[in-house]
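Student: So here's input36.cif, just mmCIF, C-alpha atoms and all ligand atoms:
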data_model
#
loop_
_atom_site.label_atom_id
_atom_site.label_comp_id
_atom_site.auth_asym_id
_atom_site.auth_seq_id
_atom_site.Cartn_x
_atom_site.Cartn_y
_atom_site.Cartn_z
CA MET A 1071 -56.72 -46.39 -41.59
CA THR A 1072 -57.42 -44.66 -44.89
CA ALA A 1073 -57.97 -40.94 -45.55
CA TYR A 1074 -61.41 -41.49 -47.10
CA SER A 1075 -64.30 -43.50 -45.73
CA PHE A 1076 -66.72 -45.37 -47.92
CA ASP A 1077 -69.07 -46.52 -45.15
CA GLU A 1078 -71.52 -43.64 -45.50
CA ILE A 1079 -74.91 -44.73 -46.84
CA ILE A 1080 -76.12 -42.12 -49.32
CA PRO A 1081 -79.80 -42.53 -50.25
CA ARG A 1082 -80.12 -42.75 -54.02
CA ARG A 1083 -83.79 -43.68 -54.39
CA ASN A 1084 -85.85 -41.16 -56.33
CA THR A 1085 -82.76 -39.52 -57.79
CA ALA A 1086 -83.52 -40.86 -61.29
CA SER A 1087 -80.81 -43.47 -60.75
CA VAL A 1088 -80.87 -46.39 -63.18
CA LYS A 1089 -79.52 -48.62 -60.43
CA TRP A 1090 -81.95 -47.60 -57.68
CA ASP A 1091 -85.09 -46.49 -59.49
CA GLU A 1092 -85.50 -49.14 -62.18
CA PHE A 1093 -86.88 -51.91 -59.94
CA GLU A 1094 -89.19 -52.33 -56.94
CA ALA A 1095 -88.55 -49.87 -54.11
CA ASP A 1096 -88.02 -52.63 -51.52
CA ALA A 1097 -85.49 -54.55 -53.63
CA LEU A 1098 -81.82 -53.89 -52.91
CA PRO A 1099 -80.17 -53.21 -56.30
CA LEU A 1100 -76.64 -54.55 -56.71
CA TRP A 1101 -76.66 -54.86 -60.44
CA VAL A 1102 -75.66 -52.14 -62.95
CA ALA A 1103 -72.03 -50.99 -62.75
CA ASP A 1104 -72.00 -47.79 -60.78
CA MET A 1105 -71.00 -47.26 -57.18
CA ASP A 1106 -72.98 -45.99 -54.21
CA PHE A 1107 -70.15 -43.68 -53.13
CA LYS A 1108 -69.76 -39.93 -53.55
CA ALA A 1109 -67.13 -38.87 -56.05
CA ALA A 1110 -63.72 -37.76 -54.72
CA PRO A 1111 -63.64 -34.33 -53.06
CA ALA A 1112 -61.31 -32.92 -55.75
CA ILE A 1113 -63.88 -33.80 -58.41
CA LEU A 1114 -66.77 -32.26 -56.46
CA GLU A 1115 -64.77 -29.07 -55.88
CA ALA A 1116 -63.71 -28.74 -59.51
CA LEU A 1117 -67.27 -29.29 -60.73
CA GLN A 1118 -68.55 -26.72 -58.23
CA ARG A 1119 -66.03 -24.16 -59.49
CA ARG A 1120 -67.07 -24.85 -63.07
CA LEU A 1121 -70.74 -24.57 -62.09
CA ASP A 1122 -70.16 -21.29 -60.25
CA HIS A 1123 -68.83 -19.76 -63.44
CA GLY A 1124 -72.39 -19.99 -64.66
CA VAL A 1125 -71.74 -19.96 -68.41
CA PHE A 1126 -71.96 -23.25 -70.26
CA GLY A 1127 -71.22 -22.44 -73.88
CA TYR A 1128 -69.34 -24.62 -76.35
CA GLU A 1129 -66.00 -25.64 -74.97
CA LEU A 1130 -62.58 -26.46 -76.36
CA LEU A 1131 -60.66 -29.26 -74.72
CA PRO A 1132 -57.60 -27.61 -73.21
CA GLN A 1133 -54.09 -29.04 -73.51
CA SER A 1134 -54.26 -29.68 -69.74
CA TYR A 1135 -56.94 -32.31 -70.46
CA PHE A 1136 -54.61 -34.31 -72.71
CA ASP A 1137 -51.69 -33.78 -70.33
CA ALA A 1138 -53.76 -35.18 -67.45
CA VAL A 1139 -54.54 -38.37 -69.41
CA SER A 1140 -50.94 -38.73 -70.51
CA ARG A 1141 -49.40 -38.13 -67.06
CA TRP A 1142 -51.83 -40.51 -65.35
CA PHE A 1143 -51.24 -43.50 -67.62
CA ASP A 1144 -47.50 -42.92 -67.63
CA ARG A 1145 -47.25 -42.62 -63.84
CA ARG A 1146 -49.76 -45.29 -62.82
CA HIS A 1147 -49.44 -47.82 -65.59
CA GLY A 1148 -46.11 -47.27 -67.36
CA TRP A 1149 -47.87 -46.35 -70.60
CA LYS A 1150 -45.67 -43.70 -72.17
CA GLY A 1151 -46.13 -41.29 -75.01
CA ILE A 1152 -49.88 -40.65 -75.09
CA THR A 1153 -50.10 -37.37 -76.96
CA ARG A 1154 -53.00 -35.28 -78.14
CA GLU A 1155 -52.74 -36.48 -81.75
CA HIS A 1156 -53.42 -40.04 -80.65
CA ILE A 1157 -56.51 -39.34 -78.57
CA ILE A 1158 -60.11 -38.97 -79.66
CA PRO A 1159 -62.29 -37.75 -76.78
CA THR A 1160 -65.91 -38.86 -76.70
CA THR A 1161 -68.93 -39.33 -74.47
CA GLY A 1162 -68.46 -42.88 -73.32
CA VAL A 1163 -66.71 -46.17 -73.85
CA ILE A 1164 -69.72 -47.73 -75.62
CA ALA A 1165 -69.67 -44.88 -78.16
CA ALA A 1166 -65.89 -45.34 -78.36
CA TYR A 1167 -65.76 -49.04 -79.15
CA SER A 1168 -68.80 -48.81 -81.44
CA ALA A 1169 -66.97 -46.22 -83.54
CA CYS A 1170 -63.88 -48.42 -83.61
CA ILE A 1171 -65.94 -51.39 -84.82
CA LYS A 1172 -67.44 -49.22 -87.53
CA ALA A 1173 -63.98 -48.02 -88.57
CA PHE A 1174 -62.47 -51.50 -88.90
CA SER A 1175 -65.28 -53.73 -90.13
CA ARG A 1176 -67.81 -53.95 -92.91
CA PRO A 1177 -71.39 -55.12 -92.49
CA GLY A 1178 -71.41 -58.91 -92.55
CA ASP A 1179 -68.01 -59.25 -90.84
CA ASN A 1180 -67.34 -61.24 -87.68
CA VAL A 1181 -66.27 -59.58 -84.43
CA ILE A 1182 -64.72 -61.83 -81.78
CA VAL A 1183 -65.93 -61.37 -78.20
CA GLN A 1184 -64.95 -63.48 -75.19
CA THR A 1185 -68.11 -64.69 -73.50
CA PRO A 1186 -69.43 -64.27 -70.92
CA CYS A 1187 -68.81 -60.64 -71.88
CA TYR A 1188 -70.16 -57.19 -71.08
CA ASN A 1189 -73.73 -57.30 -72.41
CA ALA A 1190 -73.49 -54.01 -74.33
CA PHE A 1191 -70.84 -55.60 -76.58
CA PHE A 1192 -73.57 -57.51 -78.45
CA PRO A 1193 -75.68 -54.55 -79.66
CA ALA A 1194 -72.55 -52.62 -80.67
CA VAL A 1195 -71.49 -55.50 -82.91
CA ARG A 1196 -74.97 -56.03 -84.35
CA ASN A 1197 -75.73 -52.31 -84.82
CA ASN A 1198 -72.67 -52.16 -87.04
CA GLY A 1199 -74.16 -54.93 -89.15
CA CYS A 1200 -71.63 -57.47 -87.86
CA ARG A 1201 -71.99 -60.86 -86.20
CA GLU A 1202 -70.40 -61.76 -82.88
CA LEU A 1203 -68.15 -64.81 -82.85
CA CYS A 1204 -67.99 -66.03 -79.27
CA ASN A 1205 -64.62 -67.23 -78.04
CA SER A 1206 -66.14 -68.78 -74.90
CA LEU A 1207 -63.89 -68.49 -71.88
CA VAL A 1208 -63.17 -71.81 -70.22
CA TYR A 1209 -64.50 -72.12 -66.68
CA LYS A 1210 -62.51 -74.52 -64.55
CA ASP A 1211 -61.77 -74.65 -60.80
CA THR A 1212 -63.74 -71.41 -60.26
CA THR A 1213 -61.73 -69.34 -62.71
CA TYR A 1214 -61.77 -68.47 -66.40
CA SER A 1215 -59.05 -68.91 -68.99
CA ILE A 1216 -58.83 -68.45 -72.74
CA ASP A 1217 -59.49 -71.24 -75.23
CA TRP A 1218 -56.51 -70.45 -77.48
CA GLU A 1219 -57.25 -72.99 -80.19
CA ASP A 1220 -60.76 -71.67 -80.57
CA LEU A 1221 -59.48 -68.08 -80.65
CA GLU A 1222 -56.96 -68.93 -83.34
CA ARG A 1223 -59.61 -70.72 -85.42
CA LYS A 1224 -62.05 -67.82 -85.15
CA ALA A 1225 -59.39 -65.20 -85.91
CA ALA A 1226 -58.39 -67.19 -89.00
CA ASP A 1227 -61.92 -67.03 -90.45
CA PRO A 1228 -61.58 -64.63 -93.42
CA LYS A 1229 -64.77 -62.86 -92.36
CA THR A 1230 -63.30 -61.95 -88.96
CA THR A 1231 -61.93 -58.41 -88.96
CA VAL A 1232 -62.17 -57.22 -85.34
CA MET A 1233 -61.73 -58.54 -81.81
CA LEU A 1234 -63.47 -56.63 -79.03
CA LEU A 1235 -61.43 -57.32 -75.93
CA CYS A 1236 -62.38 -56.48 -72.34
CA ASN A 1237 -59.21 -55.76 -70.31
CA PRO A 1238 -59.77 -56.23 -67.36
CA HIS A 1239 -62.70 -58.50 -68.05
CA ASN A 1240 -66.28 -57.80 -67.00
CA PRO A 1241 -67.91 -60.04 -65.76
CA ALA A 1242 -65.22 -62.74 -65.34
CA GLY A 1243 -63.19 -60.50 -63.02
CA ARG A 1244 -59.96 -61.50 -64.77
CA VAL A 1245 -57.09 -59.04 -65.18
CA TRP A 1246 -55.38 -60.38 -68.26
CA THR A 1247 -51.62 -60.85 -67.88
CA ARG A 1248 -49.07 -59.39 -70.27
CA GLN A 1249 -48.42 -62.93 -71.59
CA GLU A 1250 -52.12 -63.49 -72.30
CA LEU A 1251 -52.46 -60.10 -73.99
CA GLU A 1252 -49.37 -60.67 -76.13
CA ARG A 1253 -50.71 -64.02 -77.24
CA ILE A 1254 -54.02 -62.35 -78.20
CA GLY A 1255 -52.08 -59.56 -79.94
CA ARG A 1256 -49.98 -62.08 -81.88
CA ILE A 1257 -52.94 -64.17 -83.03
CA CYS A 1258 -54.87 -61.10 -84.15
CA LEU A 1259 -51.89 -59.62 -85.96
CA ALA A 1260 -51.21 -62.89 -87.77
CA HIS A 1261 -54.77 -62.99 -89.10
CA GLY A 1262 -55.31 -59.30 -89.84
CA VAL A 1263 -57.82 -58.88 -86.99
CA PHE A 1264 -57.88 -55.39 -85.46
CA VAL A 1265 -58.02 -55.35 -81.64
CA ILE A 1266 -60.29 -52.93 -79.78
CA SER A 1267 -59.42 -53.02 -76.10
CA ASP A 1268 -62.11 -51.79 -73.70
CA GLU A 1269 -60.08 -50.75 -70.64
CA ILE A 1270 -62.78 -48.94 -68.66
CA HIS A 1271 -62.15 -51.09 -65.56
CA CYS A 1272 -58.37 -50.64 -65.64
CA GLU A 1273 -57.96 -48.77 -62.34
CA LEU A 1274 -59.79 -51.35 -60.26
CA THR A 1275 -57.35 -54.18 -59.71
CA TYR A 1276 -56.46 -55.97 -56.48
CA PRO A 1277 -53.22 -57.15 -54.86
CA GLY A 1278 -51.25 -59.49 -57.08
CA HIS A 1279 -52.95 -58.40 -60.29
CA ASP A 1280 -51.71 -55.47 -62.36
CA TYR A 1281 -53.46 -53.98 -65.35
CA THR A 1282 -51.42 -54.15 -68.54
CA PRO A 1283 -52.47 -51.53 -71.09
CA PHE A 1284 -52.78 -53.20 -74.49
CA ALA A 1285 -50.91 -50.16 -75.82
CA THR A 1286 -47.76 -51.22 -73.91
CA LEU A 1287 -47.36 -54.45 -75.91
CA PRO A 1288 -44.82 -54.72 -78.76
CA GLU A 1289 -45.23 -51.94 -81.30
CA GLU A 1290 -46.60 -54.01 -84.17
CA MET A 1291 -49.47 -55.19 -81.92
CA VAL A 1292 -50.16 -51.67 -80.66
CA LEU A 1293 -50.36 -50.36 -84.22
CA ASN A 1294 -53.02 -53.01 -84.86
CA SER A 1295 -55.20 -51.81 -81.98
CA ALA A 1296 -57.22 -49.05 -80.37
CA SER A 1297 -57.79 -48.66 -76.63
CA CYS A 1298 -60.89 -47.19 -75.01
CA ILE A 1299 -60.17 -45.60 -71.64
CA SER A 1300 -62.14 -43.51 -69.17
CA PRO A 1301 -62.05 -42.42 -65.53
CA THR A 1302 -65.81 -42.90 -65.15
CA LYS A 1303 -65.94 -46.39 -63.58
CA ALA A 1304 -63.12 -45.94 -61.10
CA PHE A 1305 -64.12 -42.46 -59.99
CA ASN A 1306 -67.89 -43.08 -60.13
CA ILE A 1307 -68.73 -40.36 -62.62
CA ALA A 1308 -70.40 -42.49 -65.30
CA GLY A 1309 -73.32 -40.07 -65.59
CA ILE A 1310 -70.95 -37.28 -66.57
CA GLN A 1311 -69.99 -39.19 -69.69
CA ILE A 1312 -66.42 -38.80 -70.78
CA ALA A 1313 -64.03 -41.25 -72.44
CA ASN A 1314 -61.05 -41.37 -74.78
CA ILE A 1315 -60.00 -43.54 -77.67
CA PHE A 1316 -56.26 -44.05 -78.14
CA ALA A 1317 -54.73 -45.30 -81.36
CA ALA A 1318 -51.00 -45.29 -82.12
CA ASP A 1319 -51.39 -45.53 -85.90
CA PRO A 1320 -52.28 -42.10 -87.39
CA ASP A 1321 -54.34 -43.82 -90.07
CA ALA A 1322 -56.35 -45.64 -87.38
CA VAL A 1323 -56.94 -42.29 -85.64
CA ARG A 1324 -58.27 -40.86 -88.91
CA ARG A 1325 -60.55 -43.81 -89.56
CA ILE A 1326 -61.97 -43.82 -86.04
CA ASP A 1327 -62.42 -40.06 -86.06
CA ARG A 1328 -64.33 -40.38 -89.34
CA ALA A 1329 -66.53 -43.14 -87.88
CA ILE A 1330 -67.27 -41.35 -84.63
CA ASN A 1331 -68.28 -38.19 -86.43
CA ASP A 1332 -70.70 -39.97 -88.74
CA ASN A 1333 -73.66 -38.87 -86.66
CA GLU A 1334 -72.16 -35.57 -85.43
CA CYS A 1335 -73.17 -36.32 -81.86
CA CYS A 1336 -70.18 -37.39 -79.85
CA ASP A 1337 -68.73 -34.12 -78.52
CA VAL A 1338 -68.16 -34.10 -74.79
CA ASN A 1339 -70.05 -31.86 -72.35
CA VAL A 1340 -68.56 -29.02 -70.32
CA PHE A 1341 -68.37 -31.03 -67.09
CA GLY A 1342 -66.61 -34.01 -68.67
CA ALA A 1343 -63.19 -32.44 -69.06
CA THR A 1344 -63.34 -30.80 -65.63
CA ALA A 1345 -64.22 -34.08 -63.94
CA LEU A 1346 -61.56 -36.04 -65.84
CA GLU A 1347 -58.78 -33.61 -64.95
CA ALA A 1348 -59.81 -33.52 -61.29
CA ALA A 1349 -59.92 -37.34 -61.23
CA TYR A 1350 -56.52 -37.92 -62.80
CA ASP A 1351 -54.74 -34.91 -61.28
CA GLY A 1352 -56.30 -34.73 -57.82
CA SER A 1353 -57.90 -38.00 -56.73
CA GLU A 1354 -55.16 -40.60 -56.64
CA GLN A 1355 -55.24 -41.16 -52.87
CA TRP A 1356 -59.03 -41.45 -52.98
CA LEU A 1357 -58.71 -44.13 -55.67
CA ASP A 1358 -56.19 -46.12 -53.67
CA ASP A 1359 -58.43 -45.97 -50.61
CA LEU A 1360 -61.38 -47.05 -52.73
CA ARG A 1361 -59.46 -50.04 -54.06
CA ALA A 1362 -58.59 -51.08 -50.51
CA TYR A 1363 -62.24 -50.76 -49.50
CA LEU A 1364 -63.49 -52.77 -52.49
CA HIS A 1365 -60.89 -55.43 -51.78
CA GLY A 1366 -62.27 -55.57 -48.22
CA ASN A 1367 -65.77 -55.95 -49.66
CA ALA A 1368 -64.63 -58.88 -51.79
CA GLN A 1369 -63.16 -60.53 -48.66
CA THR A 1370 -66.49 -59.96 -46.92
CA VAL A 1371 -68.24 -61.88 -49.70
CA TYR A 1372 -65.75 -64.78 -49.59
CA ARG A 1373 -66.01 -65.02 -45.81
CA PHE A 1374 -69.80 -64.89 -45.81
CA LEU A 1375 -70.10 -67.54 -48.49
CA ALA A 1376 -67.57 -69.83 -46.81
CA GLU A 1377 -69.35 -69.62 -43.48
CA GLU A 1378 -73.01 -69.23 -44.41
CA LEU A 1379 -73.58 -70.27 -48.00
CA PRO A 1380 -70.81 -72.59 -49.23
CA GLN A 1381 -73.02 -73.83 -52.08
CA VAL A 1382 -72.55 -70.48 -53.89
CA LYS A 1383 -69.04 -69.85 -55.22
CA ALA A 1384 -67.68 -66.36 -55.85
CA LEU A 1385 -64.95 -66.31 -58.48
CA PRO A 1386 -61.60 -64.77 -57.47
CA LEU A 1387 -61.93 -61.05 -58.14
CA GLU A 1388 -58.69 -59.91 -59.79
CA GLY A 1389 -60.23 -56.65 -61.02
CA THR A 1390 -63.51 -54.69 -61.41
CA TYR A 1391 -66.09 -54.47 -58.62
CA LEU A 1392 -68.36 -57.00 -60.29
CA MET A 1393 -68.35 -60.42 -58.65
CA TRP A 1394 -69.32 -63.42 -60.67
CA LEU A 1395 -71.28 -65.94 -58.64
CA ASP A 1396 -71.58 -69.60 -59.55
CA CYS A 1397 -75.10 -70.36 -58.31
CA ARG A 1398 -75.59 -73.72 -60.01
CA ALA A 1399 -75.99 -75.48 -56.68
CA ALA A 1400 -79.43 -73.86 -56.35
CA LEU A 1401 -80.72 -75.83 -59.35
CA HIS A 1402 -83.31 -78.41 -58.24
CA GLU A 1403 -83.13 -81.99 -59.30
CA GLY A 1404 -85.06 -82.36 -62.53
CA GLU A 1405 -85.24 -78.59 -63.13
CA PRO A 1406 -84.15 -77.69 -66.67
CA PHE A 1407 -80.75 -76.02 -66.69
CA GLU A 1408 -81.76 -73.71 -69.52
CA GLY A 1409 -83.32 -70.57 -68.14
CA PHE A 1410 -82.04 -71.21 -64.61
CA SER A 1411 -80.08 -67.93 -64.29
CA ALA A 1412 -83.13 -65.87 -65.22
CA ARG A 1413 -85.44 -67.85 -62.91
CA PHE A 1414 -83.04 -67.64 -59.98
CA ALA A 1415 -82.46 -63.89 -60.52
CA ASP A 1416 -86.23 -63.34 -60.65
CA HIS A 1417 -86.66 -65.29 -57.44
CA LEU A 1418 -83.96 -63.21 -55.75
CA ARG A 1419 -85.63 -60.03 -56.97
CA PHE A 1420 -89.24 -60.80 -56.12
CA ASP A 1421 -88.89 -63.05 -53.08
CA ALA A 1422 -85.58 -62.18 -51.45
CA LYS A 1423 -85.69 -58.54 -52.63
CA LEU A 1424 -82.21 -58.51 -54.10
CA VAL A 1425 -81.49 -57.40 -57.67
CA LEU A 1426 -78.44 -58.98 -59.30
CA SER A 1427 -77.59 -59.02 -63.01
CA THR A 1428 -78.81 -62.21 -64.67
CA GLY A 1429 -75.78 -64.19 -65.83
CA THR A 1430 -77.10 -65.07 -69.27
CA ILE A 1431 -77.35 -61.44 -70.43
CA TYR A 1432 -73.56 -61.82 -70.77
CA GLY A 1433 -73.82 -64.83 -73.04
CA ALA A 1434 -75.61 -68.15 -73.35
CA ASP A 1435 -72.55 -69.89 -71.88
CA ALA A 1436 -73.14 -68.09 -68.54
CA GLU A 1437 -76.13 -70.21 -67.53
CA GLY A 1438 -75.94 -70.82 -63.79
CA PHE A 1439 -74.16 -67.57 -62.92
CA GLU A 1440 -75.28 -64.18 -61.57
CA ARG A 1441 -73.33 -60.92 -61.23
CA LEU A 1442 -73.07 -59.03 -57.95
CA ASN A 1443 -71.93 -55.39 -57.79
CA ILE A 1444 -69.96 -54.97 -54.54
CA ALA A 1445 -69.32 -51.21 -54.89
CA CYS A 1446 -71.45 -50.15 -51.95
CA PRO A 1447 -70.99 -49.50 -48.22
CA ARG A 1448 -70.15 -52.69 -46.36
CA ALA A 1449 -73.39 -52.54 -44.38
CA THR A 1450 -75.37 -52.59 -47.64
CA LEU A 1451 -73.30 -55.50 -48.92
CA THR A 1452 -73.85 -57.44 -45.71
CA GLU A 1453 -77.61 -56.88 -46.02
CA ALA A 1454 -77.46 -58.08 -49.63
CA LEU A 1455 -75.58 -61.25 -48.66
CA GLY A 1456 -78.26 -62.05 -46.08
CA ARG A 1457 -80.87 -61.69 -48.82
CA LEU A 1458 -78.84 -63.90 -51.14
CA LYS A 1459 -78.77 -66.61 -48.50
CA LYS A 1460 -82.51 -66.32 -47.94
CA GLY A 1461 -83.08 -66.43 -51.68
CA PHE A 1462 -80.96 -69.55 -52.03
CA GLU A 1463 -82.79 -71.29 -49.19
CA THR A 1464 -86.27 -70.47 -50.48
CA TYR A 1465 -85.67 -71.17 -54.19
C1 LIG B 1 -66.68 -53.25 -70.01
C2 LIG B 1 -67.53 -52.01 -70.05
N1 LIG B 1 -67.44 -51.18 -71.08
C3 LIG B 1 -68.19 -50.05 -71.17
C4 LIG B 1 -69.10 -49.73 -70.17
C5 LIG B 1 -69.94 -48.51 -70.30
O1 LIG B 1 -69.16 -47.42 -70.65
P1 LIG B 1 -69.77 -45.97 -70.87
O2 LIG B 1 -70.78 -45.74 -69.79
O3 LIG B 1 -68.58 -45.07 -70.78
O4 LIG B 1 -70.37 -45.98 -72.25
C6 LIG B 1 -69.22 -50.59 -69.07
C7 LIG B 1 -70.20 -50.30 -68.02
O5 LIG B 1 -70.47 -51.09 -67.16
C8 LIG B 1 -68.42 -51.75 -69.00
O6 LIG B 1 -68.49 -52.60 -67.97
#
Just dump the structure as structure tokens.

Tutor:
Amino acid sequence: MTAYSFDEIIPRRNTASVKWDEFEADALPLWVADMDFKAAPAILEALQRRLDHGVFGYELLPQSYFDAVSRWFDRRHGWKGITREHIIPTTGVIAAYSACIKAFSRPGDNVIVQTPCYNAFFPAVRNNGCRELCNSLVYKDTTYSIDWEDLERKAADPKTTVMLLCNPHNPAGRVWTRQELERIGRICLAHGVFVISDEIHCELTYPGHDYTPFATLPEEMVLNSASCISPTKAFNIAGIQIANIFAADPDAVRRIDRAINDNECCDVNVFGATALEAAYDGSEQWLDDLRAYLHGNAQTVYRFLAEELPQVKALPLEGTYLMWLDCRAALHEGEPFEGFSARFADHLRFDAKLVLSTGTIYGADAEGFERLNIACPRATLTEALGRLKKGFETY
């Protein structure tokens, strides 16, 4: 029995929610990465207190903000020594890694991404005038691993200056091990490739899989990196928009700070700091209960698929609440493989009334896959699985 319950169904339609109000009203939306749960009580109380003050002028970030970040990562993840001088606060992780790309590349450079990868990696690379070099993850026996030879070759290309890493990985659901991260760190260091580690999903890992902060690797690798962290995914406060960039090298801090201030628009809002402090300082039990609930949701998916829809394979979810489904068995004989993910997702949406994220938005190598967001009450998930089965049978 846990202290918090996540079974409550909170209506979100007509609340200007991207997840719930973007598509047809009768389609169940399990796509974009936010959760259908209320934020932790400590966060709601802190925001209410801030609201009750009634004055929302320009705000300084207090030392307690930096202390909260530092204490949390030290206590939970063994990441020591985060101090104020190494942190650049900003509005979101996309803004964070985009600024880091700008700081460490020049237009025309290559940026390595590991596809299938978070879809908003592509525009960040291209908007900085760079070109993505895809280090395709290798899919074998329903799990993904890294093609090391390909990574080494792409890092060695003189035009490659940055690698944008996703740790843990969305949508593959992998929580990279320390050994894997060190090998990435070593390859990048050897070829002068700066590592930007997007760690937004770091709190959401499941038994047997621990998040390793890139910044806890050997010092020379850490100095060649920046990490983008935020409580928004794990505590379901993405709309509040708060994130931090960490860099150990003071020169990297200066370069990133310069890049992020180019457009003078990345200061955080008055609720961001309040929510972050309440998350890290007052919501730890809530987070642990949430992780247990999400783990239970993942088991629900595995069980359902094993019993009712064995043709669809869910990849082992080591971290994140985004399940990657291998749906290739739905492909008809003679049907072209190309375009299958989009056609199947459309069929699910319009016929079975279930919105998933189309696999190929994460990379051309994701044909045949769809992404399912399991961060919802179990009753909602069960309804969605029924719709998935119907969609599979009627495709
Ligand atoms: C890997 C990853 N990075 C960044 C983001 C978005 O971050 P933010 O909303 O803080 O810009 C997401 C959202 O799903 C994500 O999955």

Student: Adding 5 Å on each side of the box along x, y and z that holds all listed atoms of ligand LIG 1 (chain B), could you give its centre and edge lengths in Å to one decimal, as lines of an AutoDock Vina configuration file?

Tutor:
center_x = -68.7
center_y = -49.2
center_z = -69.7
size_x = 14.1
size_y = 18.2
size_z = 15.1

Student: Name the residues in contact with range 1363-1365 of chain A at a cut-off of 7 Å, using all atoms listed in the file, excluding same-chain residues fewer than 4 positions from it; report them as a list in words.

Tutor: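 The residues that qualify are Tyr1276, Asp1359, Gln1369, Tyr1391 and Ala1445 of chain A.
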
Student: Just the selected residues (C-alpha atoms), exported as a short mmCIF file (atom, residue, chain, number, x, y, z; two decimals), keeping the file's coordinate frame, please.

Tutor:
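Contents of the output file again-v8.cif:
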data_model
loop_
_atom_site.label_atom_id
_atom_site.label_comp_id
_atom_site.auth_asym_id
_atom_site.auth_seq_id
_atom_site.Cartn_x
_atom_site.Cartn_y
_atom_site.Cartn_z
CA TYR A 1276 -56.46 -55.97 -56.48
CA ASP A 1359 -58.43 -45.97 -50.61
CA GLN A 1369 -63.16 -60.53 -48.66
CA TYR A 1391 -66.09 -54.47 -58.62
CA ALA A 1445 -69.32 -51.21 -54.89
#

Student: Neighbouring residues of His1239 in chain A were defined as those with any atom within 8 Å, considering all atoms listed in the file; residues of the same chain fewer than 5 positions away were excluded. Please report them as a PyMOL selection string.

Tutor: chain A and resi 1187+1244-1246+1271+1389-1390

Student: May I have the residues within 10 Å of Ala1349 in chain A as a list in words, using all atoms listed in the file and disregarding those fewer than 5 positions away in the same chain?

Tutor: Ala1109, Ala1110, Pro1111, Ala1112, Ile1113, Leu1114, Ala1116, Ala1138, Val1139, Trp1142, Pro1301, Thr1302, Ala1304, Phe1305, Asn1306, Ile1307, Ala1343, Thr1344, Glu1354, Trp1356 and Leu1357 of chain A

Student: Between A:Lys1210, A:Lys1089, A:His1261, A:Arg1119, which is the closest to ligand LIG 1 (chain B) once you count only C-alpha atoms and all ligand atoms?

Tutor: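 Of A:Lys1210, A:Lys1089, A:His1261, A:Arg1119, the one nearest ligand LIG 1 (chain B) is A:Lys1089, counting only C-alpha atoms and all ligand atoms.
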
Student: Using only C-alpha atoms, which residues sit within 7 Å of Leu1392 in chain A once same-chain residues fewer than 5 positions away are excluded, as a PyMOL selection string?

Tutor: chain A and resi 1241+1243+1441-1444

Student: Give me, as JSON lines, the closest atom pair and its distance (Å, one decimal) for every residue of range 1334-1396 of chain A within a cut-off of 12 Å of range 1414-1437 of chain A, counting all atoms listed in the file, rows sorted by chain and rising number.

Tutor:
{"residue": "A:Leu1392", "atom": "CA", "partner": "A:Ser1427", "partner_atom": "CA", "distance": 9.8}
{"residue": "A:Met1393", "atom": "CA", "partner": "A:Leu1426", "partner_atom": "CA", "distance": 10.2}
{"residue": "A:Trp1394", "atom": "CA", "partner": "A:Gly1429", "partner_atom": "CA", "distance": 8.3}
{"residue": "A:Leu1395", "atom": "CA", "partner": "A:Gly1429", "partner_atom": "CA", "distance": 8.7}
{"residue": "A:Asp1396", "atom": "CA", "partner": "A:Glu1437", "partner_atom": "CA", "distance": 9.2}

Student: As a quick test: using only C-alpha atoms and all ligand atoms, which residues lie no more than 6 Å away from ligand LIG 1 (chain B)? Give them as an MDAnalysis selection string.

Tutor: chainID A and resid 1103 1162:1164 1188 1236 1240 1268 1270 1308

Student: Just how far from CA of Ala1449 in chain A is CA of Ala1362 in chain A, in Å to one decimal?

Tutor: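 Calculated distance between CA of Ala1362 in chain A and CA of Ala1449 in chain A is 16.1 Å.
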
Student: Can you work out the spacing between CA of Leu1346 in chain A and CA of Ile1157 in chain A in Å, to one decimal?

Tutor: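 Distance between the two atoms: 14.1 Å.
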
Student: As an exercise, work out the distance from CA of Asn1331 in chain A to CA of Thr1160 in chain A in Å and give it to one decimal place.

Tutor: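 CA of Thr1160 in chain A lies 10.0 Å from CA of Asn1331 in chain A.
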
Student: Would you mind telling me which residue in A:Lys1229, A:Arg1248, A:Arg1324, A:His1156 lies nearest to Leu1287 in chain A when using all atoms listed in the file?

Tutor: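 Between A:Lys1229, A:Arg1248, A:Arg1324, A:His1156, the residue approaching Leu1287 in chain A most closely is A:Arg1248.
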
Student: Find the residue from A:Arg1448, A:Asp1077, A:Ile1182, A:Leu1293 that sits nearest to Pro1320 in chain A; use only C-alpha atoms when measuring.

Tutor: A:Leu1293

Student: Here is a test: counting all atoms listed in the file, which residue of A:Gln1355, A:Asp1091, A:Val1382, A:Tyr1465 is nearest to Phe1410 in chain A?

Tutor: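 With all atoms listed in the file as the atom set, the closest residue is A:Tyr1465.
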
Student: Pick the closest to Asp1280 in chain A from A:Gln1133, A:Tyr1350, A:Gly1148, A:Glu1440: which is it, counting all atoms listed in the file?

Tutor: A:Gly1148

Student: Neighbouring residues of Val1183 in chain A were defined as those with any atom within 10 Å, considering all atoms listed in the file; residues of the same chain fewer than 2 positions away were excluded. Please report them as JSON, numbers by chain.

Tutor: {"A": [1180, 1181, 1185, 1186, 1187, 1188, 1191, 1192, 1195, 1202, 1203, 1204, 1205, 1206, 1207, 1221, 1232, 1233, 1234, 1235, 1236]}

Student: Using all atoms listed in the file, find the one residue out of A:Leu1387, A:Val1338, A:Ile1257, A:Ile1315 that sits nearest to Ser1168 in chain A.

Tutor: A:Ile1315
